[in-house]
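Participant: Take a look at the following structure, please.
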Amino acid sequence: MNPRFEEPGAKTIKLMQAVTSYFEDLNAAVGAAWNRFWFTASPASTLGMIRIAAGLLAFYAVATYYPDLELWFGDDGMLPLEMVRSLYDGQWSLLDYVPANMLWPAYWVALVVIGLFTLGVGGRITAIAATVVTFSFFTRAPLVTGEFESILSFILVYLCIGQADDAYSLKAYWRRHTTTSPLPPPPSPFNTISLRLIQIHTALACLMMGWAQLAAPESAWWSGEGIFLAAGRPNMPLIDLSGLADHPRLTAAWSHAITLYLLAMPVFIWNRWARPIFVIAGGLVWLSFALASGWVPFCAAMLTATAAFVEPPELRPARELATAQ
Amino acid sequence: MSSKRNAAPVAPPSWQSIATVLIILHLFCLLIGVAINIGGGKSLVGQSLRNVPFARQYLRGLMMDLAYDFHLAGADEDDGVHRLELVKVDAPPNDPDAVLAELPNAATQSRIRRQRYQQLAYHVAFFDKLFAENNDLRTKLPLQVAERWVKSQGLPTDSYLLRCVKVPSKRLPRAIEADITYAYVMREGGLRQQVVEKPLPDPIKIFMVWDPNEGHYQGAREAALGQRALVAGSTAAKDTGAGK
């Protein structure tokens, strides 16, 4: 048919078809990318490493309550339950229901549960139990928690989703040495969901910290003074950095490198070429900040969270494309 | 293109649809948490988002009700180190033995314990500012801390002064130079420039007196000139009182 004599309604129908087809393609492409990102089955190797690190940090966090257990959690302590709940409503802790004479047994049980989780015994049930008992200590005494506990919390929550005890665990060791099928367990999409949530949450935390540095009053990170301030807290730094006062340019470069990393990481970490650089940079940033500030548990938690970007080969982009084809 | 579209795509398992909804809801709640808490919760958008049902309860349950906007270090008054001191109430101004105990003290071995004591001292200062209009709430935490502290130190139930000191961050000499402001003052020979020194932040002072009838400490926060200092009891005292 001669296009000149095409009916006026036909053009509209063609246009509608083109628009519909565009949205169908878009929907299919976005849906496939979403499914690939979240639901590609992956082994638990990275999660296993994160489980050990997070378990050790949770064990450390709870174990270091030992000298002050009754001071923070006792009925007659500095933070009685009624006062804490009046200041922080909507929080809940298992310790709210533990009688005073059972505080010490509850503490030891908590350490055992976290220990089992770290060793990779008991699967998701132990992971959930370890998260709940660790949270119980944090939420019972929120006035003595800080940045470290906030980072550790989200790592523990997300570890409950995947099968983190499938790798680097006593369970894996037993399976290899005592059963007739020494093959590793099959990859699981739940491991990927767990890993992706840690990655996204870590990127969000870095972005917010970078933003906070730029938005901070007195503009300490703008002027490059930030790392000197972190190193100046009494009795905290691992090494004496008072000499930095004579090297303001070095101090500024170090401070700006931290801010730059925090702002660039959430954007570029998703690029497969940039990712190794940002993982290494993250290691350097958090190690150097730990040395300067003495915030070792916080930096260790950030390193653990950053380790989520060391993905198993199944999730790497080249393999993703190959699998998709 | 058409052949691609005609090829029947493999339908994902139904659990993935449920997981997708849950992931989106979780990420949405995370963003709500950030919006609510960013910059100390001053955002107007954040304030209206507080009413989103279940989001905050969900985030609190997962300990994610925060914006992660940690400064890591800063030169602001609140970024310095906070310390609690238990002081003899009748000590002369320069008495070196006036401070009976400090939290955190230099002898506290592990850094994480020192950080926890600093957090406690920070919260004493934080709630002091937050509850500036309510003397009862303002002195609730410091009185409770001090009462337990006196007991753990084995001190007699005398009168004491609890001091919350804010130690400003140690700044770079160059930053201090840049921060110096000058004022013109009249001196011999005319106007002269003079450095305006920033005063150190005032410590929070709570005067504690043992109440033998209640068996607990009562306290009064030192008020600024022109304001009234009201006496408030510790939490334990109120509990006992309510019990009676």
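Residues are referred to by chain and number: the chain letter is A, B, ... according to the order shown in the structure tokens, the number counts from 1 in that chain, and ligands are numbered separately from 1 in the order shown.
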Give me the residues within 7 Å of B:Val209 as a PyMOL selection string, counting only C-alpha atoms and dropping any in the same chain fewer than 4 places off.

Facilitator: chain B and resi 158-160+217-219

Participant: Using only C-alpha atoms, find the residues of chain B whose closest atom to chain A is at most 7 Å away, then write them as a list in words.

Facilitator: Gln57, Arg60, Gly61, Met63, Ala67, Tyr68, Asp69, Phe70, His71, Ala73, Gly74, Ala75, Asp76, Val81, Arg111, Arg116, Tyr117, Gln119, Leu120, His123, Gln144, Val145, Arg148, Ser169, Lys170, Arg171, Leu172, Pro173 and Thr235 of chain B

Participant: Among stretch 133-270 of chain A, which residues does DSSP mark as alpha helix (DSSP H) when it is run on the backbone? Keep the chain and numbering as in the structure and answer as JSON, numbers by chain.

Facilitator: {"A": [133, 134, 135, 136, 137, 138, 139, 140, 147, 148, 149, 150, 151, 152, 153, 154, 155, 156, 157, 158, 159, 170, 171, 172, 173, 174, 175, 176, 177, 178, 189, 190, 191, 192, 193, 194, 195, 196, 197, 198, 199, 200, 201, 202, 203, 204, 205, 206, 207, 208, 209, 210, 211, 212, 213, 214, 215, 220, 221, 222, 223, 226, 227, 228, 229, 230, 231, 248, 249, 250, 251, 252, 253, 254, 255, 256, 257, 258, 259, 260, 261, 262, 263, 264, 265, 266, 267, 268]}

Participant: To one decimal place, how far is atom CA of B:Ala132 from atom CA of B:Val52 in Å?

Facilitator: 29.2 Å

Participant: Could you pull out all residues of stretch 4-107 of chain B with a DSSP call of strand (DSSP E or B) and give them as a PyMOL selection string?

Facilitator: chain B and resi 81-88+99-103

Participant: Deliver the residues from the most recent selection as a file, using N, CA, C and O atoms, as a compact mmCIF listing (two decimals), in the first residue's frame.

Facilitator:
# COMPACT_ATOMS: atom_id res chain seq x y z
N VAL B 81 36.26 15.01 72.82
CA VAL B 81 36.12 13.86 73.72
C VAL B 81 35.34 14.31 74.96
O VAL B 81 35.59 15.39 75.49
N HIS B 82 34.39 13.49 75.39
CA HIS B 82 33.61 13.79 76.58
C HIS B 82 34.12 12.94 77.74
O HIS B 82 34.48 11.79 77.55
N ARG B 83 34.11 13.53 78.91
CA ARG B 83 34.62 12.82 80.09
C ARG B 83 33.75 13.16 81.29
O ARG B 83 33.27 14.29 81.42
N LEU B 84 33.55 12.17 82.15
CA LEU B 84 32.80 12.41 83.38
C LEU B 84 33.78 12.46 84.55
O LEU B 84 34.72 11.66 84.61
N GLU B 85 33.54 13.37 85.46
CA GLU B 85 34.40 13.49 86.63
C GLU B 85 33.54 13.55 87.88
O GLU B 85 32.52 14.26 87.91
N LEU B 86 33.96 12.82 88.89
CA LEU B 86 33.30 12.89 90.19
C LEU B 86 34.20 13.72 91.10
O LEU B 86 35.36 13.37 91.30
N VAL B 87 33.67 14.84 91.57
CA VAL B 87 34.52 15.83 92.23
C VAL B 87 34.00 16.08 93.65
O VAL B 87 32.79 16.04 93.90
N LYS B 88 34.97 16.35 94.56
CA LYS B 88 34.58 16.75 95.93
C LYS B 88 33.83 18.07 95.82
O LYS B 88 34.30 19.00 95.16
N VAL B 99 39.37 15.84 92.07
CA VAL B 99 38.70 14.84 91.22
C VAL B 99 38.90 13.46 91.85
O VAL B 99 40.02 12.97 91.96
N LEU B 100 37.80 12.85 92.27
CA LEU B 100 37.86 11.55 92.94
C LEU B 100 37.94 10.40 91.95
O LEU B 100 38.56 9.38 92.20
N ALA B 101 37.26 10.55 90.83
CA ALA B 101 37.28 9.48 89.81
C ALA B 101 36.96 10.09 88.46
O ALA B 101 36.30 11.14 88.37
N GLU B 102 37.43 9.42 87.40
CA GLU B 102 37.20 9.89 86.03
C GLU B 102 36.70 8.74 85.17
O GLU B 102 37.12 7.59 85.36
N LEU B 103 35.84 9.05 84.24
CA LEU B 103 35.38 8.05 83.25
C LEU B 103 35.47 8.67 81.87
O LEU B 103 34.83 9.70 81.65

Participant: Which residues come within 12 Å of A:Pro105, counting only C-alpha atoms, excluding same-chain residues fewer than 6 positions away, as a PyMOL selection string?

Facilitator: chain A and resi 69+95+98-99+111-112

Participant: Next, the residues of the selection above should be written as a PDB file, in the first residue's frame with N, CA and C atoms.

Facilitator:
ATOM      1  N   LEU A  69      29.866  -5.812  82.917  1.00  0.00           N
ATOM      2  CA  LEU A  69      28.569  -6.438  82.630  1.00  0.00           C
ATOM      3  C   LEU A  69      27.474  -5.920  83.558  1.00  0.00           C
ATOM      4  N   LEU A  95      17.663  -9.270  76.982  1.00  0.00           N
ATOM      5  CA  LEU A  95      18.127  -9.003  78.352  1.00  0.00           C
ATOM      6  C   LEU A  95      17.052  -8.301  79.181  1.00  0.00           C
ATOM      7  N   VAL A  98      15.686 -11.078  81.264  1.00  0.00           N
ATOM      8  CA  VAL A  98      16.600 -11.936  82.035  1.00  0.00           C
ATOM      9  C   VAL A  98      16.642 -11.447  83.475  1.00  0.00           C
ATOM     10  N   PRO A  99      16.298 -12.304  84.462  1.00  0.00           N
ATOM     11  CA  PRO A  99      16.379 -11.866  85.856  1.00  0.00           C
ATOM     12  C   PRO A  99      17.831 -11.579  86.255  1.00  0.00           C
ATOM     13  N   LEU A 111      27.872 -15.882  74.412  1.00  0.00           N
ATOM     14  CA  LEU A 111      29.200 -16.079  73.827  1.00  0.00           C
ATOM     15  C   LEU A 111      29.298 -17.425  73.110  1.00  0.00           C
ATOM     16  N   VAL A 112      28.669 -18.456  73.683  1.00  0.00           N
ATOM     17  CA  VAL A 112      28.686 -19.782  73.052  1.00  0.00           C
ATOM     18  C   VAL A 112      27.954 -19.731  71.707  1.00  0.00           C
TER      19      VAL A 112
END

Participant: Taking 4 positions as the minimum chain separation for residues in the same chain, which residues sit within 10 Å of B:Leu30 when counting only C-alpha atoms? Answer as a PDB file with N, CA, C and O atoms, in the first residue's frame.

Facilitator:
ATOM      1  N   HIS A 201      24.335  -1.879  51.232  1.00  0.00           N
ATOM      2  CA  HIS A 201      24.323  -1.186  52.530  1.00  0.00           C
ATOM      3  C   HIS A 201      25.700  -0.545  52.807  1.00  0.00           C
ATOM      4  O   HIS A 201      25.779   0.564  53.340  1.00  0.00           O
ATOM      5  N   LEU A 204      26.000   2.531  50.704  1.00  0.00           N
ATOM      6  CA  LEU A 204      25.170   3.593  51.287  1.00  0.00           C
ATOM      7  C   LEU A 204      25.867   4.213  52.508  1.00  0.00           C
ATOM      8  O   LEU A 204      25.913   5.442  52.656  1.00  0.00           O
TER       9      LEU A 204
ATOM     10  N   ILE B  24      12.663  -4.730  47.599  1.00  0.00           N
ATOM     11  CA  ILE B  24      12.300  -3.331  47.312  1.00  0.00           C
ATOM     12  C   ILE B  24      11.765  -2.653  48.581  1.00  0.00           C
ATOM     13  O   ILE B  24      12.141  -1.517  48.895  1.00  0.00           O
ATOM     14  N   LEU B  25      10.938  -3.366  49.317  1.00  0.00           N
ATOM     15  CA  LEU B  25      10.402  -2.794  50.568  1.00  0.00           C
ATOM     16  C   LEU B  25      11.534  -2.496  51.552  1.00  0.00           C
ATOM     17  O   LEU B  25      11.555  -1.444  52.201  1.00  0.00           O
ATOM     18  N   HIS B  26      12.485  -3.427  51.651  1.00  0.00           N
ATOM     19  CA  HIS B  26      13.605  -3.235  52.578  1.00  0.00           C
ATOM     20  C   HIS B  26      14.429  -2.014  52.179  1.00  0.00           C
ATOM     21  O   HIS B  26      14.757  -1.177  53.034  1.00  0.00           O
ATOM     22  N   VAL B  34      17.323   6.746  56.378  1.00  0.00           N
ATOM     23  CA  VAL B  34      18.342   7.769  56.083  1.00  0.00           C
ATOM     24  C   VAL B  34      17.691   9.153  56.063  1.00  0.00           C
ATOM     25  O   VAL B  34      18.188  10.100  56.677  1.00  0.00           O
ATOM     26  N   ALA B  35      16.549   9.254  55.375  1.00  0.00           N
ATOM     27  CA  ALA B  35      15.874  10.564  55.251  1.00  0.00           C
ATOM     28  C   ALA B  35      15.432  11.086  56.622  1.00  0.00           C
ATOM     29  O   ALA B  35      15.515  12.285  56.889  1.00  0.00           O
ATOM     30  N   ILE B  36      14.978  10.179  57.484  1.00  0.00           N
ATOM     31  CA  ILE B  36      14.502  10.608  58.805  1.00  0.00           C
ATOM     32  C   ILE B  36      15.666  11.107  59.669  1.00  0.00           C
ATOM     33  O   ILE B  36      15.560  12.112  60.356  1.00  0.00           O
ATOM     34  N   ALA B  55       7.600   1.254  59.115  1.00  0.00           N
ATOM     35  CA  ALA B  55       8.961   1.401  58.603  1.00  0.00           C
ATOM     36  C   ALA B  55       9.961   1.588  59.745  1.00  0.00           C
ATOM     37  O   ALA B  55      10.997   0.919  59.797  1.00  0.00           O
ATOM     38  N   ARG B  56       9.621   2.463  60.669  1.00  0.00           N
ATOM     39  CA  ARG B  56      10.572   2.743  61.754  1.00  0.00           C
ATOM     40  C   ARG B  56      10.708   1.575  62.714  1.00  0.00           C
ATOM     41  O   ARG B  56      11.802   1.263  63.185  1.00  0.00           O
ATOM     42  N   TYR B  58      10.310  -1.490  61.954  1.00  0.00           N
ATOM     43  CA  TYR B  58      11.085  -2.489  61.220  1.00  0.00           C
ATOM     44  C   TYR B  58      12.579  -2.154  61.298  1.00  0.00           C
ATOM     45  O   TYR B  58      13.404  -3.020  61.612  1.00  0.00           O
ATOM     46  N   LEU B  59      12.909  -0.880  61.033  1.00  0.00           N
ATOM     47  CA  LEU B  59      14.317  -0.468  61.048  1.00  0.00           C
ATOM     48  C   LEU B  59      14.920  -0.575  62.445  1.00  0.00           C
ATOM     49  O   LEU B  59      16.065  -0.985  62.616  1.00  0.00           O
ATOM     50  N   MET B  64      18.763  -0.527  62.193  1.00  0.00           N
ATOM     51  CA  MET B  64      19.146   0.217  60.991  1.00  0.00           C
ATOM     52  C   MET B  64      18.466   1.579  60.944  1.00  0.00           C
ATOM     53  O   MET B  64      18.422   2.212  59.881  1.00  0.00           O
ATOM     54  N   ASP B  65      17.920   2.023  62.066  1.00  0.00           N
ATOM     55  CA  ASP B  65      17.224   3.300  62.089  1.00  0.00           C
ATOM     56  C   ASP B  65      18.231   4.436  62.282  1.00  0.00           C
ATOM     57  O   ASP B  65      18.263   5.110  63.315  1.00  0.00           O
ATOM     58  N   LEU B  66      19.096   4.603  61.299  1.00  0.00           N
ATOM     59  CA  LEU B  66      20.095   5.673  61.365  1.00  0.00           C
ATOM     60  C   LEU B  66      20.517   6.046  59.952  1.00  0.00           C
ATOM     61  O   LEU B  66      20.209   5.323  58.995  1.00  0.00           O
ATOM     62  N   ALA B  67      21.209   7.183  59.852  1.00  0.00           N
ATOM     63  CA  ALA B  67      21.568   7.688  58.513  1.00  0.00           C
ATOM     64  C   ALA B  67      23.011   7.353  58.150  1.00  0.00           C
ATOM     65  O   ALA B  67      23.440   7.658  57.046  1.00  0.00           O
TER      66      ALA B  67
END

Participant: Given the choices B:Val124, B:Leu155, B:Ile18, B:Leu49, which gets closest to B:Lys140 if the distance is worked out from only C-alpha atoms?

Facilitator: B:Val124
